[in-house]
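Report on one structure; see the data block that follows.
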Amino acid sequence: MFSMKKLPSYLTTFLLGLLALVFAFPFYYVFVLATWPSREVLAFPPHFWFGNGLMENWTSLFGRVPFATNFLNSLGIATLSTVSVLFFCTLAGFAFSKYNFKFKKILFSFVIATMAIPGFLNIIPFYKMMVMFGWINTWLPLIVPGMAGAFGIFLMTQFLENALPHELLEAARIDGVGEFAMLWRIVFPLARAGMAVLGVVTFVGSWNNFTGPLILLPDVDATTLPVALSVLNSRVDNNMGALFLGNAMTLLPLLIVFMLFSRQIISGLTAGAVKG
Amino acid sequence: MSTTVLAQRKKRMKAQQWAPYVFISPFFILFLVFGVYPIGYSIVSSFFDWKLIGTKPPVFIGFNNYVNILTIDPFFNSAVINTVILLITGSLLQHIIALPLAILLNSKLVKAKELFKTAYFLPYITSTVSVVIIFGNLFDTNFGLVNWILGWFGIEHIRWGSEDYGVKVILSTILNWKFIGWNTVIYLAGLQAIPQEMYEAAEMDGARTFTKHLKITIPQLYPIIFLAVSLSIIGGMQIFEEPFVLTGGYDNMGGPSNSGLTAAYYLMFTAFKAYKIGKGSAIAWLIFVTILGLNAINRAATRKYND
């Protein structure tokens, strides 16, 4: 029932809802423009509903950049990064949360402190190193250096602190389960919720990475979606339909992941900030 | 107890002692190779005239890179000005929006909080390239949605993409759109940690909503404000991708009158287009020192409430 007393509540909710629409509109707009043929993407007044150029854009998109290859590169790099980050960060998080060892506190503080180093500080020598390694235009420089990232270690340490009862580990030790066997039998199964958070955050970060592939994967066949999009964007004979279809297809997996895991993503990304 | 059991237990104790070092070793090995070494390299190279390509050997030039950048390099000068403008309009001013937004979301007035929170947060996780392409279209001079709407009010044909101020407006809009939700969520987490009793006491004294927030919420949130502003400074000082994609890469150096040329953009240009890695490293260290300095100011400004 409508009552005057609730008016402020309705009004606030309405205004915040309006703002949510403003925030969400650009996403809708990408999908609208992806369906308009290139010469009609720019129109006055602008389009608000879907057009009929999807197939045409599809053909010209795949004719302009090796989009399927770029998609696979993005997917492969993001997946392998995620798997390796999950493995190594859970290992380190397990050690920092459940063992007592010499220099533990100092080592942990050190790991946390490395998060404050801005990426630009070492990007130039890092690039030279990758040239030396022969890793340019391969997936390796985008996977290997970040495999045991400080953020993931911090997150898993926090999580395992509470998720893993000490008694369980002691009981396993009495049963003769070795330290490494314990990982598979106890740590990974119980760390699942934390690994889900770290996993989606890592995947999204890798999927969106632009500066890395921009300098490390200069060949259009070796590169990832964001760089392929920027190549499309800066071409002189800019095909707007293809550009927006490519953009929509880059965003779509991200939106699906976000819809499924928004809670994990938000808590994971802000945990590092708020608790740290 | 038999000796075999004892021996076994001893072995186990030993494993328990070195296992944690094995578990944490990947981080330290990787950091040594991909962190410490390049950082050391970057300090050293900043004192050299050092080319990325070619066979010319590096020449030691002392502080010349730093002196040249700071005194005679016109591009660095405008890059600093652009970075500061974008830092303020794109990264810092939005806290004035994000904090009240978080307070509203946290109040009893609003239904469907989770939904709104999720909607506001969404821009934060989208790829910069996607975002820039969309906003480039929205701000198109002839066909953009922004000019279409402005047309209703008789404002016509603003050339956003080819004017100095226009490029900055587009970039600030992108940064605000992308990070307001992020800051809101951080503030929301901080608000939920404030004990409710503090407000109840104030209510008994008859404090109005606005006074309550001014006297209780803001001071209680100072540590979070410090943190959120720090993160904005760190991010804002390193802005590169947005102007780089918007203004069309290294060749255009930030578009009309270098309006979008930020410090990090200039660093990337210097290293990967002009191939001067010594000078590029010097710019990187100047950015780093500036971040430290700004955060020290931020800390001083919020100090009395932080302790």
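Ordered as shown in the structure tokens, chains take letters A, B, and onward, while each chain numbers its residues from 1 and ligands are numbered from 1 in the order shown.
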
What residues in segment 7-249 of chain B get the DSSP label alpha helix (DSSP H)? Please answer as a PyMOL selection string. chain B and resi 7-31+37-45+64-71+74-86+95-106+113-121+128-138+145-152+164-192+196-204+209-212+218-237+241-246

With the cut-off set at 7 Å and counting only C-alpha atoms, tabulate each residue of chain B with an atom at most that distance from an atom of chain A, showing the nearest atom pair and its distance in Å to one decimal, ordered by chain and increasing number, as a tab-separated table.
residue	atom	partner	partner_atom	distance
B:Ala15	CA	A:Glu179	CA	6.9
B:Gln16	CA	A:Glu179	CA	6.7
B:Gln17	CA	A:Phe101	CA	6.9
B:Ala19	CA	A:Glu179	CA	6.7
B:Pro20	CA	A:Ala95	CA	4.7
B:Phe23	CA	A:Ala92	CA	5.0
B:Ile24	CA	A:Ala92	CA	4.5
B:Pro26	CA	A:Ala148	CA	6.3
B:Phe27	CA	A:Ala148	CA	5.0
B:Leu30	CA	A:Pro145	CA	6.0
B:Phe34	CA	A:Pro145	CA	6.1
B:Pro38	CA	A:Pro125	CA	5.0
B:Ile39	CA	A:Asn122	CA	5.1
B:Tyr41	CA	A:Pro125	CA	6.3
B:Ser42	CA	A:Pro125	CA	6.1
B:Leu109	CA	A:Ser9	CA	4.4
B:Val110	CA	A:Thr13	CA	5.2
B:Lys111	CA	A:Thr13	CA	6.4
B:Phe116	CA	A:Ala20	CA	6.1
B:Thr118	CA	A:Ser262	CA	6.8
B:Ala119	CA	A:Ala20	CA	5.6
B:Tyr120	CA	A:Ala20	CA	6.1
B:Thr126	CA	A:Asn208	CA	6.8
B:Ser127	CA	A:Asn208	CA	4.5
B:Val129	CA	A:Pro226	CA	5.9
B:Ser130	CA	A:Asn247	CA	5.7
B:Ile134	CA	A:Pro26	CA	6.7
B:Phe143	CA	A:Phe44	CA	5.4
B:Gly144	CA	A:Pro46	CA	6.9
B:Leu145	CA	A:Pro46	CA	6.1
B:Trp148	CA	A:Pro45	CA	6.8
B:Trp177	CA	A:Phe23	CA	6.8
B:Ile186	CA	A:Thr270	CA	6.4
B:Val245	CA	A:Ser230	CA	6.5
B:Gly248	CA	A:Ser234	CA	5.9
B:Ala271	CA	A:Ile124	CA	6.9
B:Ile277	CA	A:Ile124	CA	6.7
B:Ala284	CA	A:Leu121	CA	5.3
B:Trp285	CA	A:Leu121	CA	6.6

Export N, CA and C atoms of the chosen residues as a short mmCIF file (atom, residue, chain, number, x, y, z; two decimals), in the first residue's frame?
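The resulting part-v7.cif:
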data_model
loop_
_atom_site.label_atom_id
_atom_site.label_comp_id
_atom_site.auth_asym_id
_atom_site.auth_seq_id
_atom_site.Cartn_x
_atom_site.Cartn_y
_atom_site.Cartn_z
N ALA B 15 59.30 -32.85 8.37
CA ALA B 15 58.52 -32.45 7.20
C ALA B 15 57.67 -31.24 7.52
N GLN B 16 57.13 -31.25 8.75
CA GLN B 16 56.29 -30.15 9.17
C GLN B 16 57.08 -28.85 9.28
N GLN B 17 58.39 -29.00 9.50
CA GLN B 17 59.21 -27.80 9.61
C GLN B 17 59.57 -27.20 8.25
N ALA B 19 58.07 -28.01 5.22
CA ALA B 19 56.97 -27.91 4.25
C ALA B 19 56.50 -26.47 4.00
N PRO B 20 56.29 -25.66 5.06
CA PRO B 20 55.82 -24.29 4.79
C PRO B 20 56.76 -23.49 3.90
N PHE B 23 56.06 -24.38 0.45
CA PHE B 23 54.79 -23.82 -0.01
C PHE B 23 54.88 -22.34 -0.36
N ILE B 24 55.70 -21.60 0.37
CA ILE B 24 55.77 -20.16 0.07
C ILE B 24 56.89 -19.83 -0.92
N PRO B 26 57.43 -20.48 -4.14
CA PRO B 26 57.15 -19.96 -5.50
C PRO B 26 57.09 -18.44 -5.55
N PHE B 27 56.41 -17.84 -4.55
CA PHE B 27 56.31 -16.38 -4.55
C PHE B 27 57.69 -15.75 -4.56
N LEU B 30 59.68 -16.25 -7.83
CA LEU B 30 59.15 -15.42 -8.91
C LEU B 30 59.43 -13.94 -8.66
N PHE B 34 61.28 -11.83 -11.40
CA PHE B 34 60.47 -10.90 -12.18
C PHE B 34 60.19 -9.59 -11.45
N PRO B 38 64.23 -6.76 -12.27
CA PRO B 38 63.83 -5.63 -13.13
C PRO B 38 63.83 -4.29 -12.40
N ILE B 39 63.47 -4.30 -11.11
CA ILE B 39 63.44 -3.02 -10.40
C ILE B 39 64.85 -2.47 -10.24
N TYR B 41 67.35 -3.15 -12.18
CA TYR B 41 67.71 -2.79 -13.54
C TYR B 41 67.16 -1.41 -13.89
N SER B 42 65.92 -1.15 -13.45
CA SER B 42 65.30 0.12 -13.82
C SER B 42 65.94 1.30 -13.09
N LEU B 109 16.19 3.49 4.04
CA LEU B 109 15.28 4.01 3.01
C LEU B 109 15.23 3.15 1.75
N VAL B 110 16.33 2.45 1.48
CA VAL B 110 16.46 1.84 0.17
C VAL B 110 16.18 0.35 0.16
N LYS B 111 15.35 -0.04 -0.81
CA LYS B 111 15.12 -1.47 -1.04
C LYS B 111 16.11 -1.95 -2.12
N PHE B 116 21.42 -2.76 -6.54
CA PHE B 116 22.04 -1.49 -6.86
C PHE B 116 23.55 -1.57 -6.73
N THR B 118 25.43 -4.12 -7.04
CA THR B 118 25.95 -4.89 -8.15
C THR B 118 26.00 -4.05 -9.43
N ALA B 119 24.92 -3.29 -9.68
CA ALA B 119 24.87 -2.47 -10.89
C ALA B 119 25.97 -1.41 -10.87
N TYR B 120 26.16 -0.78 -9.72
CA TYR B 120 27.19 0.27 -9.63
C TYR B 120 28.58 -0.31 -9.78
N THR B 126 34.92 -4.10 -16.11
CA THR B 126 34.94 -4.23 -17.58
C THR B 126 36.26 -3.74 -18.14
N SER B 127 36.61 -4.32 -19.28
CA SER B 127 37.91 -4.00 -19.87
C SER B 127 37.93 -2.55 -20.35
N VAL B 129 39.46 -1.14 -22.77
CA VAL B 129 39.32 -0.94 -24.21
C VAL B 129 37.84 -0.93 -24.59
N SER B 130 37.07 -1.88 -24.06
CA SER B 130 35.63 -1.91 -24.33
C SER B 130 34.98 -0.59 -23.94
N ILE B 134 33.10 2.39 -26.29
CA ILE B 134 31.70 2.79 -26.08
C ILE B 134 31.60 4.30 -25.86
N PHE B 143 27.09 12.13 -34.16
CA PHE B 143 26.08 11.11 -33.94
C PHE B 143 26.01 10.62 -32.50
N GLY B 144 26.77 11.26 -31.62
CA GLY B 144 26.84 10.75 -30.25
C GLY B 144 25.58 11.04 -29.43
N LEU B 145 25.33 10.16 -28.51
CA LEU B 145 24.17 10.30 -27.64
C LEU B 145 24.25 11.57 -26.79
N TRP B 148 23.34 14.52 -28.76
CA TRP B 148 21.92 14.41 -29.08
C TRP B 148 21.08 14.95 -27.92
N TRP B 177 32.63 7.00 -14.16
CA TRP B 177 31.70 5.89 -14.40
C TRP B 177 32.31 4.57 -13.92
N ILE B 186 33.50 0.16 -1.24
CA ILE B 186 34.47 0.26 -0.15
C ILE B 186 33.88 1.03 1.03
N VAL B 245 44.00 4.43 -25.56
CA VAL B 245 43.03 3.88 -26.52
C VAL B 245 42.17 4.99 -27.11
N GLY B 248 44.15 7.09 -29.66
CA GLY B 248 44.71 6.39 -30.81
C GLY B 248 46.18 6.00 -30.73
N ALA B 271 59.54 4.80 -23.81
CA ALA B 271 60.23 3.51 -23.83
C ALA B 271 59.94 2.72 -25.10
N ILE B 277 65.01 3.77 -23.03
CA ILE B 277 64.60 3.10 -21.81
C ILE B 277 65.21 3.74 -20.56
N ALA B 284 59.44 6.65 -14.75
CA ALA B 284 58.77 5.70 -13.85
C ALA B 284 59.09 6.02 -12.39
N TRP B 285 60.36 6.30 -12.11
CA TRP B 285 60.74 6.60 -10.72
C TRP B 285 60.16 7.91 -10.25
#

Can you tell me, as a list in words, what residues are no more than 9 Å from segment 258-262 of chain B when counting only C-alpha atoms, ignoring any on the same chain fewer than 6 positions away?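 The residues that qualify are Phe75, Phe76, Ser78, Ala79, Val80, Ile81, Asn82, Thr83, Val84, Leu86, Glu163, Asp164, Tyr165, Gly166, Val167, Lys168, Leu171, Met237, Gln238, Ile239, Phe240, Glu242, Pro243, Phe244, Leu246, Thr247 and Asn252 of chain B.
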
Close residues, Phe50 of chain A itself excluded, 7 Å, only C-alpha atoms, min 3 positions apart in chain, as a PyMOL selection string: chain A and resi 32+35-36

Rank B:Ile155, B:Ala301, B:Ile174, B:Ile103 by their smallest atom-to-atom distance to Phe135 of chain B, using only C-alpha atoms, and report the top residue only. B:Ile174
